[in-house]
$ cat protein.tsv   # TSV, C-alpha atoms
chain	number	residue	atom	x	y	z
A	1	MET	CA	102.20	118.06	182.22
A	2	ASP	CA	103.42	114.54	183.04
A	3	ASP	CA	99.96	113.15	182.27
A	4	VAL	CA	100.64	114.02	178.63
A	5	THR	CA	104.37	113.60	178.19
A	6	GLY	CA	104.63	110.28	180.05
A	7	ASP	CA	107.75	108.43	178.90
A	8	THR	CA	108.15	110.64	175.83
A	9	ASP	CA	110.95	113.17	176.14
A	10	CYS	CA	112.09	115.90	173.76
A	11	VAL	CA	114.20	119.04	173.73
A	12	MET	CA	112.92	122.15	171.93
A	13	GLY	CA	115.12	125.10	171.02
A	14	ILE	CA	114.51	128.35	169.14
A	15	LYS	CA	117.13	130.41	167.31
A	16	LEU	CA	116.73	133.77	165.57
A	17	GLU	CA	118.75	135.27	162.75
A	18	LEU	CA	118.33	138.13	160.30
A	19	GLY	CA	117.54	137.25	156.70
A	20	GLN	CA	115.54	138.12	153.63
A	21	PRO	CA	111.79	137.49	153.39
A	22	ASP	CA	110.30	135.31	150.68
A	23	ALA	CA	109.47	137.16	147.48
A	24	ASN	CA	105.81	136.06	147.66
A	25	ALA	CA	105.50	137.34	151.27
A	26	PRO	CA	107.74	140.44	151.46
A	27	GLY	CA	106.02	141.74	154.59
A	28	ASN	CA	106.41	138.55	156.63
A	29	GLY	CA	109.10	136.90	158.65
A	30	LYS	CA	109.97	133.24	158.19
A	31	ILE	CA	109.67	130.13	160.33
A	32	VAL	CA	111.66	126.95	159.84
A	33	VAL	CA	110.65	123.85	161.81
A	34	GLU	CA	112.91	120.81	162.02
A	35	VAL	CA	112.43	117.67	164.10
A	36	ASP	CA	115.29	115.26	164.66
A	37	VAL	CA	114.53	111.80	166.03
A	38	SER	CA	117.34	110.08	167.87
A	39	SER	CA	117.93	106.51	166.75
A	40	THR	CA	118.24	105.56	170.42
A	41	ALA	CA	114.69	106.77	171.12
A	42	SER	CA	113.01	103.90	169.25
A	43	PRO	CA	114.06	101.09	166.88
A	44	THR	CA	111.65	102.53	164.28
A	45	PHE	CA	113.79	105.67	164.07
A	46	LYS	CA	116.83	103.91	162.67
A	47	GLY	CA	117.81	104.62	159.08
A	48	ARG	CA	115.35	105.84	156.48
A	49	GLY	CA	112.36	105.25	158.74
A	50	GLY	CA	113.58	107.88	161.19
A	51	GLU	CA	114.07	110.44	158.40
A	52	ASP	CA	110.53	109.90	157.12
A	53	ILE	CA	109.02	110.22	160.61
A	54	ALA	CA	111.04	113.38	161.29
A	55	ALA	CA	109.82	114.93	158.02
A	56	GLU	CA	106.19	114.11	158.84
A	57	LEU	CA	106.47	115.57	162.35
A	58	SER	CA	108.16	118.73	161.03
A	59	ALA	CA	105.38	119.23	158.47
A	60	ALA	CA	102.68	118.67	161.12
A	61	LEU	CA	104.18	121.29	163.45
A	62	ARG	CA	104.58	123.79	160.60
A	63	SER	CA	100.94	123.28	159.70
A	64	LEU	CA	99.91	123.99	163.30
A	65	LEU	CA	101.64	127.36	163.16
A	66	GLN	CA	100.98	128.48	159.62
A	67	GLY	CA	97.87	126.57	158.60
A	68	SER	CA	97.44	125.67	154.95
A	69	THR	CA	95.91	127.14	151.84
A	70	GLN	CA	92.61	125.50	152.81
A	71	GLN	CA	92.64	126.82	156.40
A	72	LYS	CA	91.69	130.33	157.46
A	73	TYR	CA	93.29	129.84	160.87
A	74	CYS	CA	96.84	131.13	161.31
A	75	ALA	CA	98.40	130.81	164.76
A	76	LEU	CA	101.22	133.32	164.32
A	77	ASP	CA	101.20	136.80	162.82
A	78	LEU	CA	104.32	136.59	160.69
A	79	THR	CA	104.16	140.32	159.90
A	80	THR	CA	105.48	140.94	163.43
A	81	LEU	CA	108.75	139.29	162.35
A	82	SER	CA	109.21	141.72	159.44
A	83	ILE	CA	111.85	144.44	159.92
A	84	VAL	CA	112.17	146.19	156.55
A	85	HIS	CA	109.48	145.33	153.99
A	86	GLY	CA	110.90	143.15	151.24
A	87	LYS	CA	114.46	143.43	152.55
A	88	THR	CA	115.01	142.18	156.10
A	89	CYS	CA	113.12	139.99	158.54
A	90	TRP	CA	113.63	137.65	161.44
A	91	ILE	CA	114.02	134.01	160.52
A	92	MET	CA	112.93	131.82	163.41
A	93	TYR	CA	114.36	128.30	163.58
A	94	ILE	CA	112.37	125.89	165.75
A	95	ASP	CA	114.42	122.76	166.36
A	96	ALA	CA	113.26	119.70	168.29
A	97	VAL	CA	115.16	116.58	169.24
A	98	VAL	CA	113.20	113.50	170.30
A	99	LEU	CA	115.12	111.67	173.01
A	100	SER	CA	112.68	108.93	174.02
A	101	VAL	CA	109.26	107.75	172.89
A	102	GLY	CA	106.56	106.27	175.06
A	103	GLY	CA	103.68	107.23	172.79
A	104	ASN	CA	101.79	110.46	172.07
A	105	LEU	CA	104.78	111.98	170.28
A	106	LEU	CA	103.09	114.65	168.14
A	107	ASP	CA	101.04	115.92	171.10
A	108	VAL	CA	104.16	116.27	173.25
A	109	LEU	CA	106.03	118.10	170.49
A	110	SER	CA	103.17	120.53	169.89
A	111	LEU	CA	102.95	121.44	173.58
A	112	ALA	CA	106.73	121.84	173.80
A	113	MET	CA	106.69	124.11	170.74
A	114	LYS	CA	103.97	126.35	172.19
A	115	ALA	CA	105.83	126.60	175.51
A	116	ALA	CA	109.12	127.42	173.79
A	117	LEU	CA	107.55	130.11	171.60
A	118	ALA	CA	105.79	131.67	174.58
A	119	ASP	CA	109.15	131.92	176.35
A	120	THR	CA	111.17	133.26	173.40
A	121	GLU	CA	112.44	136.83	173.72
A	122	ILE	CA	113.06	138.68	170.45
A	123	PRO	CA	115.49	141.62	170.48
A	124	LYS	CA	114.23	144.99	169.37
A	125	VAL	CA	116.04	146.50	166.37
A	126	GLU	CA	116.76	149.96	165.02
A	127	VAL	CA	116.88	150.54	161.27
A	128	SER	CA	118.94	153.27	159.66
A	129	GLY	CA	120.47	154.13	156.28
A	130	MET	CA	117.15	153.91	154.43
A	131	GLU	CA	116.97	157.35	152.78
A	132	ASP	CA	116.08	155.63	149.50
A	133	ASP	CA	114.17	152.41	148.75
A	134	ASP	CA	117.26	150.99	147.04
A	135	ASP	CA	119.49	151.55	150.06
A	136	ILE	CA	120.72	148.60	152.06
A	137	PRO	CA	119.30	148.87	155.59
A	138	GLU	CA	121.63	149.04	158.55
A	139	ILE	CA	120.24	146.96	161.41
A	140	GLU	CA	121.29	147.53	165.01
A	141	ILE	CA	120.13	144.87	167.48
A	142	ASP	CA	119.31	145.97	171.01
A	143	SER	CA	119.76	142.89	173.18
A	144	GLU	CA	118.74	144.83	176.28
A	145	GLU	CA	115.21	145.41	175.03
A	146	THR	CA	113.12	142.43	173.94
A	147	TRP	CA	109.55	141.50	173.09
A	148	LYS	CA	107.58	138.27	172.84
A	149	LEU	CA	105.29	136.81	170.21
A	150	ASP	CA	101.59	136.53	170.92
A	151	SER	CA	101.42	132.78	171.51
A	152	PHE	CA	97.81	132.58	172.67
A	153	ARG	CA	96.50	131.41	169.29
A	154	ILE	CA	99.07	128.63	168.92
A	155	PRO	CA	97.11	125.35	169.13
A	156	THR	CA	98.13	121.96	170.35
A	157	THR	CA	97.51	118.54	168.87
A	158	VAL	CA	95.42	115.99	170.74
A	159	THR	CA	95.52	112.43	169.42
A	160	VAL	CA	92.49	110.28	170.18
A	161	CYS	CA	92.76	106.53	169.61
A	162	GLN	CA	89.91	104.07	169.17
A	163	VAL	CA	90.62	100.68	170.70
A	164	GLU	CA	87.57	98.48	170.13
A	165	ARG	CA	84.76	100.43	171.84
A	166	SER	CA	87.00	102.68	173.95
A	167	LEU	CA	88.40	106.11	173.12
A	168	LEU	CA	91.81	106.99	174.55
A	169	VAL	CA	93.81	110.20	174.82
A	170	ASP	CA	97.47	110.28	175.80
A	171	PRO	CA	98.02	106.77	174.38
A	172	THR	CA	101.13	104.78	175.24
A	173	ALA	CA	103.21	103.24	172.47
A	174	ASP	CA	101.53	99.86	173.06
A	175	GLU	CA	98.06	101.41	172.94
A	176	GLU	CA	98.90	103.15	169.66
A	177	VAL	CA	99.86	99.79	168.15
A	178	CYS	CA	96.56	98.26	169.30
A	179	ALA	CA	94.41	101.16	168.07
A	180	ASP	CA	91.89	100.43	165.32
A	181	SER	CA	92.07	104.07	164.20
A	182	ALA	CA	93.05	107.48	165.49
A	183	LEU	CA	92.46	111.17	164.91
A	184	ALA	CA	95.07	113.88	165.46
A	185	VAL	CA	93.03	117.01	166.19
A	186	GLY	CA	94.48	120.53	166.29
A	187	VAL	CA	92.77	122.38	169.14
A	188	ALA	CA	93.05	126.09	169.97
A	189	SER	CA	92.80	127.59	173.47
A	190	THR	CA	89.16	128.45	172.75
A	191	GLY	CA	88.40	124.80	172.02
A	192	ASP	CA	88.01	125.47	168.30
A	193	VAL	CA	89.21	122.73	165.96
A	194	VAL	CA	91.85	124.05	163.55
A	195	GLY	CA	92.75	120.82	161.79
A	196	ILE	CA	92.07	117.07	161.73
A	197	THR	CA	94.27	114.28	160.43
A	198	LYS	CA	93.04	110.69	160.30
A	199	LEU	CA	95.61	108.09	161.26
A	200	GLY	CA	95.43	104.39	160.46
A	201	PHE	CA	93.55	102.56	157.73
A	202	CYS	CA	90.23	101.64	159.38
A	203	SER	CA	87.15	103.75	158.71
A	204	ILE	CA	85.56	105.65	161.61
A	205	PRO	CA	81.76	105.76	161.96
A	206	HIS	CA	80.36	109.30	161.93
A	207	ASP	CA	79.07	109.20	165.52
A	208	VAL	CA	82.40	107.84	166.82
A	209	CYS	CA	84.26	110.53	164.89
A	210	LYS	CA	82.14	113.23	166.56
A	211	ASP	CA	82.86	111.74	169.99
A	212	MET	CA	86.59	111.65	169.24
A	213	ILE	CA	86.62	115.29	168.17
A	214	TYR	CA	84.65	116.37	171.24
A	215	LEU	CA	87.05	114.48	173.53
A	216	ALA	CA	90.00	116.13	171.79
A	217	GLN	CA	88.45	119.58	172.22
A	218	GLN	CA	87.88	119.15	175.94
A	219	THR	CA	91.33	117.67	176.47
A	220	GLY	CA	93.04	120.37	174.39
A	221	LYS	CA	91.36	123.22	176.28
A	222	ARG	CA	92.40	121.68	179.61
A	223	LEU	CA	96.00	121.11	178.51
A	224	LEU	CA	96.40	124.61	177.12
A	225	ARG	CA	94.91	126.11	180.27
A	226	GLN	CA	97.39	124.13	182.40
A	227	LEU	CA	100.26	125.19	180.15
A	228	ARG	CA	99.25	128.86	180.29
A	229	LEU	CA	99.18	128.76	184.10
A	230	SER	CA	102.62	127.14	184.27
A	231	LEU	CA	104.36	129.64	182.00

$ encode --input "protein.tsv" --output "C-alpha coordinates"
Amino acid sequence: MDDVTGDTDCVMGIKLELGQPDANAPGNGKIVVEVDVSSTASPTFKGRGGEDIAAELSAALRSLLQGSTQQKYCALDLTTLSIVHGKTCWIMYIDAVVLSVGGNLLDVLSLAMKAALADTEIPKVEVSGMEDDDDIPEIEIDSEETWKLDSFRIPTTVTVCQVERSLLVDPTADEEVCADSALAVGVASTGDVVGITKLGFCSIPHDVCKDMIYLAQQTGKRLLRQLRLSL
(Lines of atoms letter the chains of each structure in order from A and count residues from 1; the text may use other names and numbers.)
(Lines give C-alpha, C1' and ligand atoms only; values in the text may rest on other atoms or scores of the structure.)
Protein backbone atom coordinates (compact mmCIF):
# COMPACT_ATOMS: atom_id res chain seq x y z
CA MET A 1 0.00 0.00 0.00
CA ASP A 2 3.04 2.27 -0.36
CA ASP A 3 1.34 4.11 -3.23
CA VAL A 4 -1.10 5.48 -0.64
CA THR A 5 0.92 5.80 2.55
CA GLY A 6 4.00 7.36 0.93
CA ASP A 7 5.95 9.29 3.57
CA THR A 8 3.04 9.27 6.01
CA ASP A 9 3.49 6.83 8.87
CA CYS A 10 1.16 5.92 11.73
CA VAL A 11 0.68 3.24 14.36
CA MET A 12 -2.81 1.88 15.04
CA GLY A 13 -3.71 -0.14 18.12
CA ILE A 14 -6.96 -1.63 19.43
CA LYS A 15 -7.75 -2.43 23.06
CA LEU A 16 -10.85 -4.09 24.52
CA GLU A 17 -12.33 -3.82 27.98
CA LEU A 18 -15.63 -4.66 29.63
CA GLY A 19 -17.94 -1.79 30.50
CA GLN A 20 -21.49 -0.54 30.59
CA PRO A 21 -23.42 0.39 27.43
CA ASP A 22 -24.87 3.85 26.93
CA ALA A 23 -28.36 4.29 28.33
CA ASN A 24 -29.71 5.35 24.91
CA ALA A 25 -28.22 2.24 23.24
CA PRO A 26 -28.46 -0.55 25.84
CA GLY A 27 -28.07 -3.30 23.24
CA ASN A 28 -24.88 -1.94 21.69
CA GLY A 29 -21.21 -2.00 22.47
CA LYS A 30 -19.12 1.16 22.41
CA ILE A 31 -16.28 2.45 20.25
CA VAL A 32 -13.83 5.15 21.26
CA VAL A 33 -11.50 6.58 18.60
CA GLU A 34 -8.53 8.75 19.53
CA VAL A 35 -5.81 10.10 17.25
CA ASP A 36 -2.60 11.51 18.67
CA VAL A 37 -0.35 13.56 16.41
CA SER A 38 3.31 13.66 17.37
CA SER A 39 4.77 17.16 17.42
CA THR A 40 7.81 15.75 15.61
CA ALA A 41 5.66 14.64 12.66
CA SER A 42 5.01 18.18 11.41
CA PRO A 43 5.52 21.76 12.66
CA THR A 44 1.74 22.30 12.34
CA PHE A 45 1.17 19.72 15.07
CA LYS A 46 2.87 21.72 17.79
CA GLY A 47 0.72 23.17 20.56
CA ARG A 48 -2.96 23.89 20.14
CA GLY A 49 -2.86 23.28 16.39
CA GLY A 50 -1.97 19.63 16.93
CA GLU A 51 -4.82 19.15 19.41
CA ASP A 52 -7.34 20.61 16.96
CA ILE A 53 -6.10 18.43 14.08
CA ALA A 54 -6.18 15.32 16.29
CA ALA A 55 -9.78 16.07 17.32
CA GLU A 56 -10.84 16.53 13.68
CA LEU A 57 -9.18 13.29 12.60
CA SER A 58 -10.74 11.37 15.51
CA ALA A 59 -14.20 12.68 14.61
CA ALA A 60 -13.71 11.79 10.92
CA LEU A 61 -12.72 8.20 11.74
CA ARG A 62 -15.65 7.81 14.16
CA SER A 63 -17.99 9.03 11.45
CA LEU A 64 -16.60 6.43 9.03
CA LEU A 65 -17.48 3.65 11.46
CA GLN A 66 -20.72 4.86 12.96
CA GLY A 67 -22.12 7.25 10.36
CA SER A 68 -24.25 10.14 11.55
CA THR A 69 -27.89 10.89 12.22
CA GLN A 70 -28.24 11.90 8.56
CA GLN A 71 -26.59 8.73 7.18
CA LYS A 72 -28.27 5.35 6.85
CA TYR A 73 -24.91 3.63 6.36
CA CYS A 74 -23.32 2.06 9.43
CA ALA A 75 -20.05 0.19 8.95
CA LEU A 76 -20.06 -1.80 12.19
CA ASP A 77 -22.86 -3.74 13.86
CA LEU A 78 -22.39 -2.57 17.43
CA THR A 79 -24.93 -5.11 18.71
CA THR A 80 -22.24 -7.77 18.24
CA LEU A 81 -20.25 -6.06 21.02
CA SER A 82 -23.14 -6.36 23.49
CA ILE A 83 -22.78 -9.04 26.19
CA VAL A 84 -25.69 -8.51 28.59
CA HIS A 85 -28.40 -6.12 27.39
CA GLY A 86 -28.25 -2.86 29.32
CA LYS A 87 -25.56 -4.13 31.69
CA THR A 88 -22.31 -5.23 30.05
CA CYS A 89 -20.64 -4.74 26.70
CA TRP A 90 -17.27 -4.58 25.06
CA ILE A 91 -15.75 -1.13 24.82
CA MET A 92 -13.35 -0.96 21.89
CA TYR A 93 -10.61 1.67 22.03
CA ILE A 94 -9.06 2.50 18.66
CA ASP A 95 -5.89 4.52 19.18
CA ALA A 96 -3.70 5.95 16.44
CA VAL A 97 -0.40 7.78 16.68
CA VAL A 98 0.79 9.80 13.69
CA LEU A 99 4.57 9.54 13.45
CA SER A 100 5.29 11.35 10.18
CA VAL A 101 3.26 13.24 7.58
CA GLY A 102 3.93 13.37 3.87
CA GLY A 103 0.36 14.14 2.87
CA ASN A 104 -2.84 12.09 2.55
CA LEU A 105 -3.12 11.69 6.32
CA LEU A 106 -6.84 10.91 6.71
CA ASP A 107 -6.73 8.31 3.91
CA VAL A 108 -3.78 6.53 5.53
CA LEU A 109 -5.47 6.52 8.94
CA SER A 110 -8.73 5.13 7.54
CA LEU A 111 -6.93 2.25 5.79
CA ALA A 112 -4.89 1.51 8.92
CA MET A 113 -8.07 1.46 11.02
CA LYS A 114 -9.81 -0.98 8.67
CA ALA A 115 -6.76 -3.27 8.65
CA ALA A 116 -6.47 -3.18 12.45
CA LEU A 117 -10.16 -3.95 12.96
CA ALA A 118 -10.03 -6.81 10.48
CA ASP A 119 -7.14 -8.31 12.45
CA THR A 120 -8.62 -7.82 15.93
CA GLU A 121 -9.56 -10.99 17.81
CA ILE A 122 -12.30 -10.62 20.44
CA PRO A 123 -12.45 -13.22 23.24
CA LYS A 124 -15.63 -15.19 23.68
CA VAL A 125 -17.34 -14.80 27.06
CA GLU A 126 -19.61 -16.85 29.28
CA VAL A 127 -22.27 -15.15 31.37
CA SER A 128 -23.59 -16.58 34.62
CA GLY A 129 -25.37 -15.41 37.77
CA MET A 130 -28.30 -13.90 35.88
CA GLU A 131 -31.26 -15.70 37.49
CA ASP A 132 -32.98 -12.33 37.88
CA ASP A 133 -32.85 -9.14 35.79
CA ASP A 134 -31.50 -7.24 38.79
CA ASP A 135 -28.60 -9.62 39.31
CA ILE A 136 -25.08 -8.50 38.53
CA PRO A 137 -23.73 -10.67 35.70
CA GLU A 138 -20.60 -12.71 36.22
CA ILE A 139 -18.45 -12.59 33.10
CA GLU A 140 -15.83 -15.24 32.35
CA ILE A 141 -13.49 -14.44 29.45
CA ASP A 142 -12.24 -17.33 27.34
CA SER A 143 -8.98 -16.14 25.80
CA GLU A 144 -8.55 -19.44 23.97
CA GLU A 145 -11.63 -18.91 21.82
CA THR A 146 -11.96 -15.70 19.81
CA TRP A 147 -14.01 -14.18 17.02
CA LYS A 148 -13.59 -11.27 14.63
CA LEU A 149 -15.81 -8.38 13.62
CA ASP A 150 -17.27 -8.28 10.13
CA SER A 151 -15.03 -5.59 8.68
CA PHE A 152 -16.18 -5.82 5.06
CA ARG A 153 -18.49 -2.79 5.32
CA ILE A 154 -15.85 -0.54 6.86
CA PRO A 155 -15.10 2.14 4.24
CA THR A 156 -11.98 4.10 3.54
CA THR A 157 -11.50 7.76 2.81
CA VAL A 158 -10.13 8.90 -0.54
CA THR A 159 -9.08 12.53 -0.78
CA VAL A 160 -9.15 14.06 -4.26
CA CYS A 161 -7.42 17.41 -4.79
CA GLN A 162 -8.01 19.88 -7.60
CA VAL A 163 -4.86 21.67 -8.70
CA GLU A 164 -5.78 24.01 -11.55
CA ARG A 165 -7.26 21.65 -14.18
CA SER A 166 -5.82 18.43 -12.74
CA LEU A 167 -7.36 16.03 -10.23
CA LEU A 168 -5.00 14.23 -7.87
CA VAL A 169 -5.38 11.32 -5.47
CA ASP A 170 -2.74 10.40 -2.90
CA PRO A 171 -1.52 14.02 -2.72
CA THR A 172 1.80 14.89 -1.11
CA ALA A 173 1.97 17.60 1.54
CA ASP A 174 3.17 20.11 -1.07
CA GLU A 175 0.35 19.20 -3.45
CA GLU A 176 -2.21 19.63 -0.67
CA VAL A 177 -0.90 23.16 -0.06
CA CYS A 178 -1.20 23.98 -3.78
CA ALA A 179 -4.70 22.52 -4.15
CA ASP A 180 -7.51 24.91 -5.08
CA SER A 181 -10.02 22.61 -3.39
CA ALA A 182 -10.42 19.03 -2.26
CA LEU A 183 -13.05 16.42 -1.45
CA ALA A 184 -12.65 13.72 1.18
CA VAL A 185 -14.93 10.92 0.00
CA GLY A 186 -15.90 7.90 2.12
CA VAL A 187 -15.97 4.87 -0.18
CA ALA A 188 -17.20 1.36 0.67
CA SER A 189 -15.87 -1.87 -0.84
CA THR A 190 -18.80 -1.86 -3.27
CA GLY A 191 -17.80 1.57 -4.54
CA ASP A 192 -20.77 3.23 -2.85
CA VAL A 193 -20.20 6.72 -1.47
CA VAL A 194 -20.97 6.86 2.26
CA GLY A 195 -19.92 10.43 2.98
CA ILE A 196 -18.39 13.54 1.42
CA THR A 197 -16.54 16.39 3.10
CA LYS A 198 -15.45 19.46 1.15
CA LEU A 199 -12.04 20.81 2.10
CA GLY A 200 -10.74 24.27 1.32
CA PHE A 201 -12.60 27.49 0.60
CA CYS A 202 -12.91 27.53 -3.21
CA SER A 203 -16.15 26.45 -4.84
CA ILE A 204 -16.15 23.35 -7.06
CA PRO A 205 -18.10 23.34 -10.34
CA HIS A 206 -20.74 20.61 -10.51
CA ASP A 207 -19.09 18.70 -13.37
CA VAL A 208 -15.69 18.77 -11.63
CA CYS A 209 -17.29 17.59 -8.40
CA LYS A 210 -18.80 14.59 -10.22
CA ASP A 211 -15.41 13.75 -11.72
CA MET A 212 -13.76 13.97 -8.29
CA ILE A 213 -16.33 11.64 -6.74
CA TYR A 214 -16.01 9.13 -9.59
CA LEU A 215 -12.21 9.14 -9.24
CA ALA A 216 -12.54 8.59 -5.49
CA GLN A 217 -14.93 5.67 -6.04
CA GLN A 218 -12.61 3.89 -8.45
CA THR A 219 -9.58 4.51 -6.26
CA GLY A 220 -11.37 3.41 -3.09
CA LYS A 221 -12.57 0.14 -4.62
CA ARG A 222 -9.04 -0.65 -5.82
CA LEU A 223 -7.44 0.17 -2.46
CA LEU A 224 -9.94 -1.87 -0.48
CA ARG A 225 -9.52 -4.81 -2.84
CA GLN A 226 -5.73 -4.64 -2.39
CA LEU A 227 -6.13 -4.41 1.38
CA ARG A 228 -8.52 -7.37 1.49
CA LEU A 229 -6.03 -9.51 -0.46
CA SER A 230 -3.17 -8.56 1.85
CA LEU A 231 -4.96 -9.40 5.09

$ residues_around --input "protein.tsv" --residues "A:Gly103" --least-positions-apart "5" --cutoff "6 Å" --atoms "all atoms listed in the file" --output "ChimeraX atom specification"
/A:171-173

$ closest_residue --input "protein.tsv" --among "A:Ile204, A:Val193, A:Leu199, A:Leu57" --to "A:Leu109" --atoms "only C-alpha atoms"
A:Leu57

$ atom_distance --input "protein.tsv" --atom1 "atom CA of A:Thr80" --atom2 "atom CA of A:Thr190"
22.6 Å

$ closest_residue --input "protein.tsv" --among "A:Lys30, A:Lys15, A:Arg228, A:Lys198" --to "A:Thr120" --atoms "only C-alpha atoms"
A:Lys15

$ closest_residue --input "protein.tsv" --among "A:Cys202, A:Thr219, A:Glu17, A:Glu138" --to "A:Ile122" --atoms "only C-alpha atoms"
A:Glu17

$ residues_around --input "protein.tsv" --residues "A:Pro26" --least-positions-apart "2" --cutoff "12 Å" --atoms "all atoms listed in the file" --output "count of residues only"
21

$ residues_near_point --input "protein.tsv" --point "(112.8, 109.4, 161.1)" --cutoff "9 Å" --atoms "all atoms listed in the file" --output "number ranges by chain"
A: 35-39, 44-57

$ closest_residue --input "protein.tsv" --among "A:Val187, A:Leu117, A:Ala25, A:Ile94" --to "A:Trp147" --atoms "all atoms listed in the file"
A:Leu117

$ atom_distance --input "protein.tsv" --atom1 "atom CA of A:Leu106" --atom2 "atom CA of A:Tyr93"
18.3 Å

$ atom_distance --input "protein.tsv" --atom1 "atom CA of A:Val98" --atom2 "atom CA of A:Asp170"
17.0 Å

$ axis_aligned_box --input "protein.tsv" --around "stretch 96-107 of chain A" --padding-each-side "8 Å" --output "lines of an AutoDock Vina configuration file"
center_x = 108.1
center_y = 113.0
center_z = 171.6
size_x = 30.1
size_y = 29.4
size_z = 22.9

$ residues_around --input "protein.tsv" --residues "stretch 158-162 of chain A" --least-positions-apart "3" --cutoff "9 Å" --atoms "only C-alpha atoms" --output "NGL selection string"
:A and (104 or 106-107 or 165-171 or 175-176 or 178-187 or 199 or 204 or 208 or 212-213 or 215-217 or 219-220)

$ residues_around --input "protein.tsv" --residues "A:Leu61" --least-positions-apart "2" --cutoff "8 Å" --atoms "all atoms listed in the file" --output "MDAnalysis selection string"
chainID A and resid 33 57:59 63:65 109:110
